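Undergrad: Pasting target_3.pdb here (PDB, C-alpha atoms):
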ATOM      1  CA  MET A   1       0.000   0.000   0.000
ATOM      2  CA  GLU A   2       2.774   2.453   0.948
ATOM      3  CA  TYR A   3       4.640   1.448  -2.196
ATOM      4  CA  GLN A   4       1.683   2.298  -4.451
ATOM      5  CA  ILE A   5       1.162   5.680  -2.804
ATOM      6  CA  LEU A   6       4.856   6.510  -3.062
ATOM      7  CA  MET A   7       4.939   5.399  -6.686
ATOM      8  CA  GLN A   8       2.031   7.712  -7.507
ATOM      9  CA  GLN A   9       3.761  10.561  -5.674
ATOM     10  CA  PHE A  10       6.999   9.838  -7.526
ATOM     11  CA  GLN A  11       5.242   9.888 -10.892
ATOM     12  CA  GLN A  12       3.501  13.153  -9.988
ATOM     13  CA  LEU A  13       6.836  14.665  -8.937
ATOM     14  CA  GLN A  14       8.351  13.641 -12.274
ATOM     15  CA  GLN A  15       5.452  15.249 -14.152
ATOM     16  CA  ASN A  16       5.835  18.434 -12.106
ATOM     17  CA  LEU A  17       9.577  18.476 -12.782
ATOM     18  CA  SER A  18       8.997  18.075 -16.483
ATOM     19  CA  ALA A  19       6.503  20.970 -16.534
ATOM     20  CA  LEU A  20       8.828  23.219 -14.518
ATOM     21  CA  GLU A  21      11.805  22.412 -16.742
ATOM     22  CA  LYS A  22       9.747  23.249 -19.823
ATOM     23  CA  HIS A  23       8.684  26.518 -18.191
ATOM     24  CA  LEU A  24      12.326  27.325 -17.369
ATOM     25  CA  ILE A  25      13.317  26.786 -20.993
ATOM     26  CA  GLU A  26      10.544  29.138 -22.115
ATOM     27  CA  LEU A  27      11.579  31.788 -19.581
ATOM     28  CA  ARG A  28      15.229  31.582 -20.646
ATOM     29  CA  MET A  29      14.198  31.947 -24.290
ATOM     30  CA  LEU A  30      12.098  34.951 -23.304
ATOM     31  CA  ALA A  31      15.082  36.512 -21.517
ATOM     32  CA  ASP A  32      17.204  35.959 -24.638
ATOM     33  CA  ASN A  33      14.497  37.487 -26.822
ATOM     34  CA  LEU A  34      14.337  40.532 -24.550
ATOM     35  CA  ASP A  35      18.106  40.945 -24.927
ATOM     36  CA  SER A  36      17.845  40.856 -28.706
ATOM     37  CA  LEU A  37      14.817  43.154 -28.940
ATOM     38  CA  ASN A  38      16.902  46.320 -29.123
ATOM     39  CA  LYS A  39      18.694  44.886 -32.190
ATOM     40  CA  ILE A  40      15.476  45.014 -34.207
ATOM     41  CA  LYS A  41      15.200  48.268 -36.082
ATOM     42  CA  LEU A  42      12.070  50.297 -35.600
ATOM     43  CA  ASN A  43       9.581  50.518 -38.477
ATOM     44  CA  GLU A  44      11.105  47.508 -40.263
ATOM     45  CA  GLU A  45       9.198  44.329 -41.005
ATOM     46  CA  THR A  46       9.928  41.472 -38.615
ATOM     47  CA  LEU A  47       8.407  38.165 -37.584
ATOM     48  CA  ILE A  48       6.388  38.243 -34.391
ATOM     49  CA  PRO A  49       5.990  34.893 -32.570
ATOM     50  CA  PHE A  50       2.337  34.022 -32.129
ATOM     51  CA  GLY A  51       2.855  30.654 -30.411
ATOM     52  CA  GLY A  52       3.277  27.046 -31.437
ATOM     53  CA  GLY A  53       5.866  27.914 -34.077
ATOM     54  CA  ILE A  54       3.492  30.337 -35.817
ATOM     55  CA  PHE A  55       4.650  33.856 -36.653
ATOM     56  CA  LEU A  56       3.004  37.036 -37.875
ATOM     57  CA  LYS A  57       4.684  39.569 -40.108
ATOM     58  CA  GLY A  58       4.670  42.903 -38.383
ATOM     59  CA  ILE A  59       6.387  46.228 -38.010
ATOM     60  CA  LEU A  60       7.925  47.120 -34.669
ATOM     61  CA  LYS A  61       6.771  50.575 -33.625
ATOM     62  CA  GLU A  62       8.484  50.609 -30.226
ATOM     63  CA  ASN A  63      11.194  48.562 -28.526
ATOM     64  CA  LYS A  64      11.542  50.343 -25.187
ATOM     65  CA  ASN A  65       8.439  49.185 -23.287
ATOM     66  CA  MET A  66       6.385  46.013 -22.984
ATOM     67  CA  ILE A  67       2.894  45.243 -21.748
ATOM     68  CA  LEU A  68       2.867  42.553 -19.043
ATOM     69  CA  ASN A  69      -0.143  40.625 -17.826
ATOM     70  CA  ILE A  70       0.271  40.599 -14.047
ATOM     71  CA  GLY A  71      -2.783  38.432 -13.407
ATOM     72  CA  SER A  72      -6.560  38.724 -13.363
ATOM     73  CA  SER A  73      -6.399  40.253 -16.856
ATOM     74  CA  ILE A  74      -4.562  43.282 -15.461
ATOM     75  CA  CYS A  75      -1.775  44.571 -17.683
ATOM     76  CA  VAL A  76       0.956  47.070 -16.911
ATOM     77  CA  GLU A  77       3.560  48.764 -19.049
ATOM     78  CA  LYS A  78       7.181  48.148 -18.098
ATOM     79  CA  SER A  79      10.526  48.941 -19.631
ATOM     80  CA  ILE A  80      12.502  46.167 -21.273
ATOM     81  CA  GLU A  81      14.890  46.186 -18.298
ATOM     82  CA  GLU A  82      12.020  45.940 -15.778
ATOM     83  CA  THR A  83      10.505  43.147 -17.841
ATOM     84  CA  LYS A  84      13.829  41.294 -17.893
ATOM     85  CA  GLU A  85      14.111  41.688 -14.098
ATOM     86  CA  THR A  86      10.625  40.180 -13.728
ATOM     87  CA  VAL A  87      11.578  37.260 -15.977
ATOM     88  CA  MET A  88      14.849  36.702 -14.086
ATOM     89  CA  LYS A  89      12.966  36.653 -10.753
ATOM     90  CA  GLN A  90      10.627  34.042 -12.214
ATOM     91  CA  ILE A  91      13.621  31.986 -13.376
ATOM     92  CA  ILE A  92      15.069  32.092  -9.849
ATOM     93  CA  GLU A  93      11.737  31.115  -8.276
ATOM     94  CA  ILE A  94      11.106  28.277 -10.730
ATOM     95  CA  SER A  95      14.687  27.038 -10.326
ATOM     96  CA  ALA A  96      14.258  26.937  -6.542
ATOM     97  CA  ALA A  97      10.965  25.063  -6.874
ATOM     98  CA  THR A  98      12.619  22.647  -9.294
ATOM     99  CA  GLU A  99      15.398  21.933  -6.799
ATOM    100  CA  GLN A 100      12.872  21.292  -4.021
ATOM    101  CA  ILE A 101      10.905  18.883  -6.184
ATOM    102  CA  GLN A 102      14.106  17.142  -7.296
ATOM    103  CA  ASP A 103      15.080  16.668  -3.638
ATOM    104  CA  GLU A 104      11.643  15.267  -2.857
ATOM    105  CA  ALA A 105      11.854  12.951  -5.877
ATOM    106  CA  VAL A 106      15.240  11.656  -4.691
ATOM    107  CA  ARG A 107      13.856  10.993  -1.189
ATOM    108  CA  THR A 108      10.777   9.304  -2.606
ATOM    109  CA  GLY A 109      12.876   7.239  -5.017
ATOM    110  CA  SER A 110      15.141   6.156  -2.154
ATOM    111  CA  ARG A 111      12.169   5.061  -0.076
ATOM    112  CA  LEU A 112      10.756   3.173  -3.053
ATOM    113  CA  GLN A 113      14.091   1.386  -3.454
ATOM    114  CA  GLU A 114      14.098   0.492   0.256
ATOM    115  CA  LEU A 115      10.603  -0.971  -0.062
ATOM    116  CA  GLN A 116      11.616  -2.930  -3.159
ATOM    117  CA  ASN A 117      14.594  -4.336  -1.282
ATOM    118  CA  GLU A 118      12.336  -5.322   1.633
ATOM    119  CA  PHE A 119       9.893  -7.023  -0.743
ATOM    120  CA  GLN A 120      12.763  -8.864  -2.398
ATOM    121  CA  MET A 121      14.124 -10.041   0.955
ATOM    122  CA  GLN A 122      10.685 -11.241   2.036
ATOM    123  CA  GLU A 123      10.215 -12.999  -1.275
ATOM    124  CA  ASN A 124      13.590 -14.703  -0.941
ATOM    125  CA  LYS A 125      12.762 -15.836   2.619
ATOM    126  CA  SER A 126       9.380 -17.248   1.604
ATOM    127  CA  SER A 127      10.825 -19.063  -1.404
ATOM    128  CA  ARG A 128      13.400 -20.758   0.832
ATOM    129  CA  SER A 129      10.787 -21.976   3.274
TER
END
Will you turn the file into structure tokens for me?

TA:
Amino acid sequence: MEYQILMQQFQQLQQNLSALEKHLIELRMLADNLDSLNKIKLNEETLIPFGGGIFLKGILKENKNMILNIGSSICVEKSIEETKETVMKQIIEISAATEQIQDEAVRTGSRLQELQNEFQMQENKSSRS
């Protein structure tokens, strides 16, 4: 019973880790994109990522400020530097959460291994009897 519960927890931890790692990759790409934004010339045609590998052709009218959704459909205007600071804070927070979940996964995996070893020892004892 404990083994099944731990196995479910372990699988959930792995799923959470996978989602957080994907989110970290996206945040790092966003940080890189923010760094390269000032290299795009104003009023020139560029490709604007729309999501899922789909782009729109567009003309950049400004590259100094961004509009950020801060939750509950509330948006604020921030400079590129402020936006990058927000993204970097998120990277730090997600990285810390990832480390915590990795630690928990290691502890859970260790306990699962202990239980497997106990089952194996019991199985060996009963097969000898």

Undergrad: Quick one: pull the distance between atom CA of Glu99 of chain A and atom CA of Glu118 of chain A, Å, one decimal.

TA: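 Result for atom CA of Glu99 of chain A versus atom CA of Glu118 of chain A: 28.7 Å, one decimal.
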
Undergrad: Select, from A:Lys64, A:Arg128, A:Lys84, A:Arg111, the residue with the minimum atom-to-atom distance to Ile40 of chain A, counting all atoms listed in the file.

TA: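 The answer is A:Lys64, which sits nearest to Ile40 of chain A.
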
Undergrad: Could you tell me how far atom CA of Asn69 of chain A sits from atom CA of Ser95 of chain A, in Å to one decimal place?

TA: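 According to the coordinates, atom CA of Ser95 of chain A and atom CA of Asn69 of chain A are separated by 21.5 Å.
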
Undergrad: Would you mind listing what lies within 12 Å of Glu82 of chain A as a ChimeraX atom specification, with only C-alpha atoms counted and same-chain residues fewer than 2 positions away left out?

TA: /A:31,34,64-68,76-80,84-89

Undergrad: Give as a ChimeraX atom specification each residue that has an atom at most 12 Å from (8.7, 14.9, -13.6) in the file, counting all atoms listed in the file.

TA: /A:8-22,98-99,101-106

Undergrad: Please report the interatomic distance between atom CA of Ile94 of chain A and atom CA of Leu24 of chain A in Å with one decimal.

TA: 6.8 Å

Undergrad: Counting only C-alpha atoms, which of A:Ile54, A:Tyr3, A:Asn63, A:Glu114 gets nearest to Ser36 of chain A?

TA: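 So, comparing all the options, the nearest one is A:Asn63.
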
Undergrad: Select, from A:Glu26, A:Glu62, A:Glu123, A:Glu2, the residue with the minimum atom-to-atom distance to Asn43 of chain A, counting all atoms listed in the file.

TA: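 Using all atoms listed in the file, the shortest distance to Asn43 of chain A belongs to A:Glu62.
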
Undergrad: Which residue out of A:Ala96, A:Phe119, A:Leu60, A:Gly71 has the minimum interatomic distance to Ile48 of chain A when only C-alpha atoms are used?

TA: A:Leu60

Undergrad: Could you check which of A:Gln90, A:Gln116, A:Gln100, A:Gln122 is closest to Ile25 of chain A, using all atoms listed in the file?

TA: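 Distance minimum relative to Ile25 of chain A lands on A:Gln90.
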
Undergrad: Got a sec to resolve the PyMOL selection byres ((chain A and resi 45) around 9) on this structure and send the residues as an MDAnalysis selection string?

TA: chainID A and resid 41:44 46:47 57:60

Undergrad: Give me a file of those residues, with C-alpha atoms, as a PDB file, in the coordinates of the input.

TA:
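Listing of result_9.pdb after writing:
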ATOM      1  CA  LYS A  41      15.200  48.268 -36.082  1.00  0.00           C
ATOM      2  CA  LEU A  42      12.070  50.297 -35.600  1.00  0.00           C
ATOM      3  CA  ASN A  43       9.581  50.518 -38.477  1.00  0.00           C
ATOM      4  CA  GLU A  44      11.105  47.508 -40.263  1.00  0.00           C
ATOM      5  CA  THR A  46       9.928  41.472 -38.615  1.00  0.00           C
ATOM      6  CA  LEU A  47       8.407  38.165 -37.584  1.00  0.00           C
ATOM      7  CA  LYS A  57       4.684  39.569 -40.108  1.00  0.00           C
ATOM      8  CA  GLY A  58       4.670  42.903 -38.383  1.00  0.00           C
ATOM      9  CA  ILE A  59       6.387  46.228 -38.010  1.00  0.00           C
ATOM     10  CA  LEU A  60       7.925  47.120 -34.669  1.00  0.00           C
TER      11      LEU A  60
END

Undergrad: Kindly add N, CA, C and O atoms to the incomplete segment 46-66 of chain A and provide the output as an mmCIF file, in the frame of the given file.

TA:
data_model
loop_
_atom_site.group_PDB
_atom_site.id
_atom_site.type_symbol
_atom_site.label_atom_id
_atom_site.label_comp_id
_atom_site.auth_asym_id
_atom_site.auth_seq_id
_atom_site.Cartn_x
_atom_site.Cartn_y
_atom_site.Cartn_z
ATOM 1 N N THR A 46 9.311 42.553 -39.378
ATOM 2 C CA THR A 46 9.928 41.472 -38.615
ATOM 3 C C THR A 46 8.895 40.377 -38.400
ATOM 4 O O THR A 46 7.713 40.566 -38.691
ATOM 5 N N LEU A 47 9.338 39.252 -37.919
ATOM 6 C CA LEU A 47 8.407 38.165 -37.584
ATOM 7 C C LEU A 47 8.101 38.235 -36.098
ATOM 8 O O LEU A 47 9.004 38.328 -35.271
ATOM 9 N N ILE A 48 6.839 38.161 -35.773
ATOM 10 C CA ILE A 48 6.388 38.243 -34.391
ATOM 11 C C ILE A 48 5.856 36.866 -33.995
ATOM 12 O O ILE A 48 4.902 36.371 -34.609
ATOM 13 N N PRO A 49 6.470 36.223 -32.972
ATOM 14 C CA PRO A 49 5.990 34.893 -32.570
ATOM 15 C C PRO A 49 4.565 34.967 -32.030
ATOM 16 O O PRO A 49 4.243 35.810 -31.204
ATOM 17 N N PHE A 50 3.734 34.075 -32.537
ATOM 18 C CA PHE A 50 2.337 34.022 -32.129
ATOM 19 C C PHE A 50 2.084 32.828 -31.213
ATOM 20 O O PHE A 50 1.108 32.791 -30.495
ATOM 21 N N GLY A 51 2.993 31.853 -31.234
ATOM 22 C CA GLY A 51 2.855 30.654 -30.411
ATOM 23 C C GLY A 51 2.805 29.416 -31.274
ATOM 24 O O GLY A 51 2.326 29.458 -32.407
ATOM 25 N N GLY A 52 3.323 28.323 -30.740
ATOM 26 C CA GLY A 52 3.277 27.046 -31.437
ATOM 27 C C GLY A 52 4.027 27.057 -32.758
ATOM 28 O O GLY A 52 3.627 26.368 -33.690
ATOM 29 N N GLY A 53 5.091 27.864 -32.849
ATOM 30 C CA GLY A 53 5.866 27.914 -34.077
ATOM 31 C C GLY A 53 5.201 28.709 -35.185
ATOM 32 O O GLY A 53 5.585 28.617 -36.344
ATOM 33 N N ILE A 54 4.213 29.512 -34.848
ATOM 34 C CA ILE A 54 3.492 30.337 -35.817
ATOM 35 C C ILE A 54 3.916 31.790 -35.613
ATOM 36 O O ILE A 54 4.008 32.268 -34.477
ATOM 37 N N PHE A 55 4.181 32.477 -36.717
ATOM 38 C CA PHE A 55 4.650 33.856 -36.653
ATOM 39 C C PHE A 55 3.754 34.754 -37.494
ATOM 40 O O PHE A 55 3.154 34.319 -38.471
ATOM 41 N N LEU A 56 3.687 36.005 -37.098
ATOM 42 C CA LEU A 56 3.004 37.036 -37.875
ATOM 43 C C LEU A 56 4.061 37.985 -38.426
ATOM 44 O O LEU A 56 5.058 38.261 -37.758
ATOM 45 N N LYS A 57 3.837 38.496 -39.623
ATOM 46 C CA LYS A 57 4.684 39.569 -40.108
ATOM 47 C C LYS A 57 4.168 40.856 -39.478
ATOM 48 O O LYS A 57 2.967 41.086 -39.405
ATOM 49 N N GLY A 58 5.088 41.654 -39.003
ATOM 50 C CA GLY A 58 4.670 42.903 -38.383
ATOM 51 C C GLY A 58 5.784 43.927 -38.434
ATOM 52 O O GLY A 58 6.915 43.629 -38.807
ATOM 53 N N ILE A 59 5.427 45.129 -38.053
ATOM 54 C CA ILE A 59 6.387 46.228 -38.010
ATOM 55 C C ILE A 59 6.482 46.685 -36.558
ATOM 56 O O ILE A 59 5.462 46.990 -35.920
ATOM 57 N N LEU A 60 7.691 46.718 -36.047
ATOM 58 C CA LEU A 60 7.925 47.120 -34.669
ATOM 59 C C LEU A 60 7.873 48.645 -34.575
ATOM 60 O O LEU A 60 8.654 49.347 -35.212
ATOM 61 N N LYS A 61 6.937 49.131 -33.784
ATOM 62 C CA LYS A 61 6.771 50.575 -33.625
ATOM 63 C C LYS A 61 7.528 51.090 -32.405
ATOM 64 O O LYS A 61 7.869 52.260 -32.335
ATOM 65 N N GLU A 62 7.773 50.208 -31.438
ATOM 66 C CA GLU A 62 8.484 50.609 -30.226
ATOM 67 C C GLU A 62 9.244 49.409 -29.688
ATOM 68 O O GLU A 62 8.751 48.283 -29.748
ATOM 69 N N ASN A 63 10.437 49.655 -29.130
ATOM 70 C CA ASN A 63 11.194 48.562 -28.526
ATOM 71 C C ASN A 63 11.763 48.959 -27.165
ATOM 72 O O ASN A 63 12.762 48.423 -26.725
ATOM 73 N N LYS A 64 11.086 49.887 -26.506
ATOM 74 C CA LYS A 64 11.542 50.343 -25.187
ATOM 75 C C LYS A 64 10.660 49.845 -24.047
ATOM 76 O O LYS A 64 11.121 49.707 -22.920
ATOM 77 N N ASN A 65 9.387 49.608 -24.325
ATOM 78 C CA ASN A 65 8.439 49.185 -23.287
ATOM 79 C C ASN A 65 7.648 47.968 -23.735
ATOM 80 O O ASN A 65 7.457 47.744 -24.920
ATOM 81 N N MET A 66 7.188 47.203 -22.737
ATOM 82 C CA MET A 66 6.385 46.013 -22.984
ATOM 83 C C MET A 66 5.125 46.097 -22.133
ATOM 84 O O MET A 66 5.101 46.777 -21.120
#
